[in-house]
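Student: Below you'll find entry39.csv; it's CSV, C-alpha atoms.
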chain,number,residue,atom,x,y,z
A,14,MET,CA,0.0,0.0,0.0
A,15,ASN,CA,2.8,2.4,0.9
A,16,VAL,CA,4.6,1.6,-2.4
A,17,ILE,CA,1.4,2.3,-4.4
A,18,GLN,CA,0.8,5.6,-2.6
A,19,ALA,CA,4.4,6.7,-3.1
A,20,SER,CA,4.3,5.9,-6.8
A,21,GLU,CA,1.1,7.9,-7.2
A,22,THR,CA,2.7,11.0,-5.9
A,23,LEU,CA,5.5,10.9,-8.5
A,24,TYR,CA,3.2,11.8,-11.3
A,25,GLU,CA,0.9,14.8,-11.8
A,26,LYS,CA,-2.1,14.7,-14.0
A,27,ARG,CA,-1.5,16.6,-17.3
A,28,GLU,CA,-3.2,19.8,-17.7
A,29,LYS,CA,-4.0,20.9,-21.3
A,30,ILE,CA,-1.7,23.7,-22.5
A,31,TYR,CA,-3.3,26.5,-24.5
A,32,PRO,CA,-0.4,28.1,-26.4
A,33,ARG,CA,-0.7,31.8,-27.4
A,34,GLU,CA,-0.4,32.7,-31.0
A,35,VAL,CA,2.8,34.6,-31.4
A,36,HIS,CA,4.1,36.8,-34.2
A,37,GLY,CA,7.6,37.8,-35.2
A,38,VAL,CA,10.6,36.7,-37.2
A,39,PHE,CA,11.1,33.4,-35.6
A,40,ALA,CA,7.4,32.5,-35.7
A,41,PHE,CA,7.4,33.4,-39.4
A,42,LEU,CA,10.5,31.2,-40.0
A,43,ARG,CA,8.8,28.3,-38.2
A,44,SER,CA,5.6,28.7,-40.2
A,45,SER,CA,7.6,28.9,-43.4
A,46,SER,CA,9.7,25.8,-42.6
A,47,SER,CA,6.5,23.9,-41.7
A,48,ILE,CA,4.9,24.8,-45.1
A,49,VAL,CA,8.0,23.7,-47.0
A,50,ILE,CA,8.2,20.4,-45.1
A,51,LEU,CA,4.5,19.6,-45.4
A,52,SER,CA,4.5,20.5,-49.1
A,53,VAL,CA,7.5,18.2,-49.8
A,54,PHE,CA,6.1,15.4,-47.8
A,55,PHE,CA,2.6,15.4,-49.3
A,56,PHE,CA,3.4,16.2,-52.9
A,57,LEU,CA,6.7,14.3,-53.5
A,58,PRO,CA,5.0,10.9,-54.0
A,59,TRP,CA,3.0,12.4,-56.9
A,60,VAL,CA,6.1,13.7,-58.7
A,61,SER,CA,7.3,11.6,-61.6
A,62,TRP,CA,11.0,11.3,-62.3
A,63,ASP,CA,12.3,9.5,-65.4
A,64,GLY,CA,9.1,7.6,-65.8
A,65,HIS,CA,8.7,6.4,-62.2
A,66,GLN,CA,7.7,7.9,-58.8
A,67,SER,CA,10.3,10.3,-57.5
A,68,ILE,CA,10.8,8.3,-54.3
A,69,LEU,CA,9.4,4.8,-54.2
A,70,LEU,CA,10.8,2.1,-51.9
A,71,ASP,CA,9.3,-0.8,-53.6
A,72,LEU,CA,9.9,-3.7,-51.2
A,73,PRO,CA,8.1,-6.4,-53.1
A,74,ALA,CA,10.1,-5.7,-56.3
A,75,ARG,CA,13.2,-5.1,-54.2
A,76,LYS,CA,13.8,-1.9,-56.1
A,77,PHE,CA,14.3,1.5,-54.5
A,78,HIS,CA,13.8,4.6,-56.6
A,79,ILE,CA,15.3,7.8,-55.2
A,80,PHE,CA,15.0,10.5,-57.9
A,81,ALA,CA,17.6,9.6,-60.6
A,82,TRP,CA,19.0,6.7,-58.7
A,83,THR,CA,17.7,3.1,-58.6
A,84,PHE,CA,19.0,0.8,-55.9
A,85,TRP,CA,18.8,-3.0,-56.4
A,86,PRO,CA,19.4,-5.6,-53.7
A,87,GLN,CA,23.1,-5.8,-54.7
A,88,ASP,CA,23.3,-2.0,-54.2
A,89,PHE,CA,22.0,-2.2,-50.6
A,90,ILE,CA,25.4,-1.2,-49.2
A,91,TYR,CA,25.1,2.2,-50.9
A,92,LEU,CA,21.6,2.7,-49.6
A,93,ALA,CA,22.7,1.7,-46.1
A,94,LEU,CA,25.6,4.2,-46.3
A,95,LEU,CA,23.1,6.9,-47.5
A,96,LEU,CA,20.8,6.2,-44.6
A,97,MET,CA,23.7,6.1,-42.1
A,98,LEU,CA,24.9,9.5,-43.5
A,99,ALA,CA,21.4,10.9,-43.0
A,100,ALA,CA,21.2,9.5,-39.4
A,101,PHE,CA,24.7,10.8,-38.4
A,102,SER,CA,23.8,14.2,-40.0
A,103,LEU,CA,20.7,14.3,-37.9
A,104,PHE,CA,22.7,13.4,-34.7
A,105,PHE,CA,25.3,16.0,-35.5
A,106,PHE,CA,22.7,18.7,-36.3
A,107,THR,CA,20.8,18.0,-33.1
A,108,ALA,CA,24.0,18.0,-31.0
A,109,ILE,CA,25.1,21.4,-32.5
A,110,ALA,CA,21.8,23.1,-32.9
A,111,GLY,CA,19.1,20.9,-31.3
A,112,ARG,CA,16.8,23.9,-30.8
A,113,LEU,CA,16.7,24.5,-34.5
A,114,TRP,CA,15.7,20.8,-35.2
A,115,CYS,CA,13.1,20.6,-32.5
A,116,GLY,CA,11.6,24.0,-33.2
A,117,TYR,CA,11.6,24.2,-36.9
A,118,ALA,CA,12.1,20.8,-38.6
A,119,CYS,CA,11.0,18.0,-36.2
A,120,PRO,CA,7.9,16.2,-37.6
A,121,GLN,CA,6.3,16.3,-34.2
A,122,THR,CA,6.6,20.1,-34.2
A,123,VAL,CA,5.5,20.5,-37.8
A,124,TRP,CA,2.4,18.4,-37.5
A,125,THR,CA,1.5,19.8,-34.0
A,126,GLU,CA,1.7,23.3,-35.5
A,127,LEU,CA,-0.7,22.3,-38.2
A,128,PHE,CA,-3.1,20.8,-35.7
A,129,LEU,CA,-2.9,23.9,-33.5
A,130,LEU,CA,-3.6,26.1,-36.6
A,131,ILE,CA,-6.8,24.0,-37.2
A,132,GLU,CA,-7.7,24.3,-33.5
A,133,ARG,CA,-7.3,28.1,-33.5
A,134,THR,CA,-9.2,28.4,-36.8
A,135,VAL,CA,-12.2,26.4,-35.5
A,136,GLU,CA,-12.3,27.3,-31.8
A,137,GLY,CA,-10.7,30.7,-31.8
A,138,ASN,CA,-7.7,32.1,-29.8
A,139,ARG,CA,-6.4,30.9,-26.5
A,140,MET,CA,-9.0,32.6,-24.3
A,141,ARG,CA,-11.9,31.4,-26.5
A,142,GLN,CA,-10.5,27.8,-26.3
A,143,ILE,CA,-10.3,28.0,-22.5
A,144,LYS,CA,-13.8,29.4,-22.3
A,145,LEU,CA,-15.2,26.8,-24.7
A,146,ASP,CA,-13.6,23.9,-22.7
A,147,ARG,CA,-15.0,25.2,-19.4
A,148,GLN,CA,-18.6,25.4,-20.9
A,149,PRO,CA,-21.0,22.5,-20.4
A,150,MET,CA,-21.6,20.5,-23.6
A,151,ASN,CA,-24.1,22.2,-25.9
A,152,LEU,CA,-24.9,22.2,-29.6
A,153,ARG,CA,-22.3,24.9,-30.4
A,154,LYS,CA,-19.5,23.2,-28.5
A,155,PHE,CA,-20.4,19.8,-29.9
A,156,SER,CA,-20.4,21.2,-33.4
A,157,LEU,CA,-17.0,22.9,-33.0
A,158,LYS,CA,-15.4,19.9,-31.4
A,159,THR,CA,-16.7,17.6,-34.1
A,160,LEU,CA,-15.5,19.9,-36.9
A,161,LYS,CA,-12.0,20.2,-35.3
A,162,HIS,CA,-11.6,16.5,-34.7
A,163,GLY,CA,-13.0,15.7,-38.2
A,164,LEU,CA,-10.3,17.9,-39.7
A,165,TRP,CA,-7.7,16.4,-37.5
A,166,ILE,CA,-8.7,12.9,-38.6
A,167,ALA,CA,-8.7,13.9,-42.3
A,168,ILE,CA,-5.2,15.3,-42.0
A,169,ALA,CA,-4.0,12.3,-40.0
A,170,ALA,CA,-5.5,9.9,-42.6
A,171,LEU,CA,-3.9,11.8,-45.4
A,172,THR,CA,-0.6,11.6,-43.6
A,173,GLY,CA,-0.9,7.9,-43.1
A,174,PHE,CA,-1.8,7.4,-46.8
A,175,THR,CA,1.2,9.6,-47.9
A,176,PHE,CA,3.6,7.7,-45.8
A,177,VAL,CA,2.5,4.4,-47.3
A,178,ALA,CA,2.7,6.0,-50.7
A,179,TYR,CA,6.5,6.1,-50.4
A,180,PHE,CA,6.4,2.3,-50.3
A,181,SER,CA,3.5,1.6,-52.7
A,182,PRO,CA,2.8,3.6,-55.9
A,183,ALA,CA,0.7,6.6,-54.9
A,184,ALA,CA,-1.8,6.5,-57.8
A,185,ALA,CA,-2.5,2.7,-57.5
A,186,LEU,CA,-2.7,3.0,-53.7
A,187,GLY,CA,-5.2,5.9,-53.9
A,188,HIS,CA,-7.4,3.9,-56.4
A,189,ASP,CA,-7.3,0.8,-54.2
A,190,MET,CA,-8.1,2.8,-51.0
A,191,LEU,CA,-11.1,4.5,-52.7
A,192,ALA,CA,-12.3,1.2,-54.1
A,193,PHE,CA,-11.8,-0.6,-50.7
A,194,THR,CA,-9.6,-3.1,-52.5
A,195,ALA,CA,-6.3,-2.2,-50.8
A,196,GLY,CA,-4.3,-5.1,-49.3
A,197,PRO,CA,-4.3,-5.8,-45.6
A,198,TRP,CA,-0.8,-4.5,-45.0
A,199,GLU,CA,-1.4,-1.2,-46.8
A,200,THR,CA,-4.6,-0.7,-44.9
A,201,PHE,CA,-3.0,-1.5,-41.6
A,202,TRP,CA,-0.1,0.9,-42.1
A,203,VAL,CA,-2.3,3.7,-43.3
A,204,ALA,CA,-4.5,3.3,-40.3
A,205,PHE,CA,-1.5,2.9,-38.0
A,206,TYR,CA,0.3,6.0,-39.1
A,207,GLY,CA,-2.9,8.0,-39.3
A,208,PHE,CA,-3.8,7.0,-35.7
A,209,ALA,CA,-0.2,7.8,-34.6
A,210,THR,CA,-0.4,11.3,-36.2
A,211,TYR,CA,-3.8,12.0,-34.7
A,212,GLY,CA,-2.7,10.9,-31.2
A,213,ASN,CA,0.7,12.6,-31.2
A,214,ALA,CA,-0.1,15.9,-32.9
A,215,GLY,CA,-3.7,16.3,-31.6
A,216,TRP,CA,-3.5,14.9,-28.1
A,217,MET,CA,-0.1,14.1,-26.8
A,218,ARG,CA,1.7,17.1,-28.3
A,219,GLU,CA,4.4,18.3,-25.8
A,220,GLN,CA,4.3,14.9,-24.0
A,221,VAL,CA,6.0,13.3,-27.0
A,222,CYS,CA,9.0,15.7,-26.5
A,223,LYS,CA,9.0,15.3,-22.8
A,224,TYR,CA,8.7,11.5,-22.4
A,225,MET,CA,9.4,9.9,-25.8
A,226,CYS,CA,12.0,12.1,-27.6
Just dump the structure as C-alpha cells.
Tutor:
Amino acid sequence: MNVIQASETLYEKREKIYPREVHGVFAFLRSSSSIVILSVFFFLPWVSWDGHQSILLDLPARKFHIFAWTFWPQDFIYLALLLMLAAFSLFFFTAIAGRLWCGYACPQTVWTELFLLIERTVEGNRMRQIKLDRQPMNLRKFSLKTLKHGLWIAIAALTGFTFVAYFSPAAALGHDMLAFTAGPWETFWVAFYGFATYGNAGWMREQVCKYMC
C-alpha cells in the first residue's frame, strides 16, 4: 500500500496547454519551414522522375527509386551508407543546434503546429478555447469539437496514406483505397500512421517531446 501511494505522488495529471499565438521573425520562419516540409512530404510521391515515382521504396520488387538513382538488392550497401549518412547528420545537427531541429524541422513540431492552426481556426484564440472547454456541452460546443476532430482525422488519414505511398505507388494506392480493395498491410499501415499522427499531434503534443523524444 505504501509503495502504491508513493508511486502515485510521483506523477501529476497533465493539464491541457493552451499556447498563445505569437508573431515575429522566428514565428514566421517556423511557419515557413512547416509549409515547406509539409509540401515536400505530401506532394513528393506524386512527382514523376524518369518515368517512375520520384521516391518509391518498392519492397516487393526489391527496387528503391530515389530520384535519378535506382537501388537494387546488390546495391543495398550504398543505400545503407546513404541512410547512415542521414542518421549521423541528424545526430550532428541536433547536437550542435538541437533547438533548430526541435523548433523548426521535427515532424512532431510541424504536425503539431498544423493541428494547432486548425484548432485556432475552428475554436478561436487561446482565451476562447479555454472558455469553450469550461462550458458545459451544448450544440455549439459539440459542433466545433466535431469539426475540429474531423479535420484532424482527415489530416491524419492523409498523412498515413502519404507515408505508405512512399512504399506503394501513390496512384494505385489511392485507387485501391477509394475502391476498398487495398491489401491488408497497406490498410494496416495507413491506419497505424494515421492514428499515430492523430494521437501525437492532436492529443499528446508536448508529451512526445518530454517523455518519448
Student: Counting all atoms listed in the file, which residues come within 7 Å of (-2.1, 5.2, -47.0), with the point read in the file's coordinates, and could you list them as a list in words?
Tutor: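 Residues lying no farther than 7 Å from the given point: Gly173, Phe174, Thr175, Phe176, Val177, Ala178, Glu199, Thr200, Trp202 and Val203 of chain A.
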Student: For CA of Ala214 in chain A and CA of Ser47 in chain A, quote the distance in Å rounded to one decimal.
Tutor: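 According to the coordinates, CA of Ala214 in chain A and CA of Ser47 in chain A are separated by 13.6 Å.
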Student: Mind checking which residues fall within 12 Å of Thr83 in chain A, counting only C-alpha atoms, ignoring those fewer than 3 positions away in the same chain, and posting them as a list in words?
Tutor: Trp62, Asp63, His65, Gln66, Ser67, Ile68, Leu69, Leu70, Asp71, Ala74, Arg75, Lys76, Phe77, His78, Ile79, Phe80, Pro86, Gln87, Asp88, Phe89, Tyr91 and Leu92 of chain A
Student: Residues within 8 Å of range 122-133 of chain A, please, as a count of residues only. Count all atoms listed in the file; anything in the same chain fewer than 4 positions from it doesn't count.
Tutor: 19
Student: Which residue out of A:Thr194, A:Thr134, A:Gln121, A:Asn151 has the minimum interatomic distance to Gly212 in chain A when only C-alpha atoms are used?
Tutor: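 Nearest candidate to Gly212 in chain A out of A:Thr194, A:Thr134, A:Gln121, A:Asn151: A:Gln121.
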Student: How many Å lie between CA of Val49 in chain A and CA of Thr172 in chain A, rounded to one decimal?
Tutor: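 Distance between the two atoms: 15.2 Å.
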Student: Calculate how many Å separate CA of Phe180 in chain A from CA of Leu72 in chain A, rounding to one decimal.
Tutor: 7.0 Å
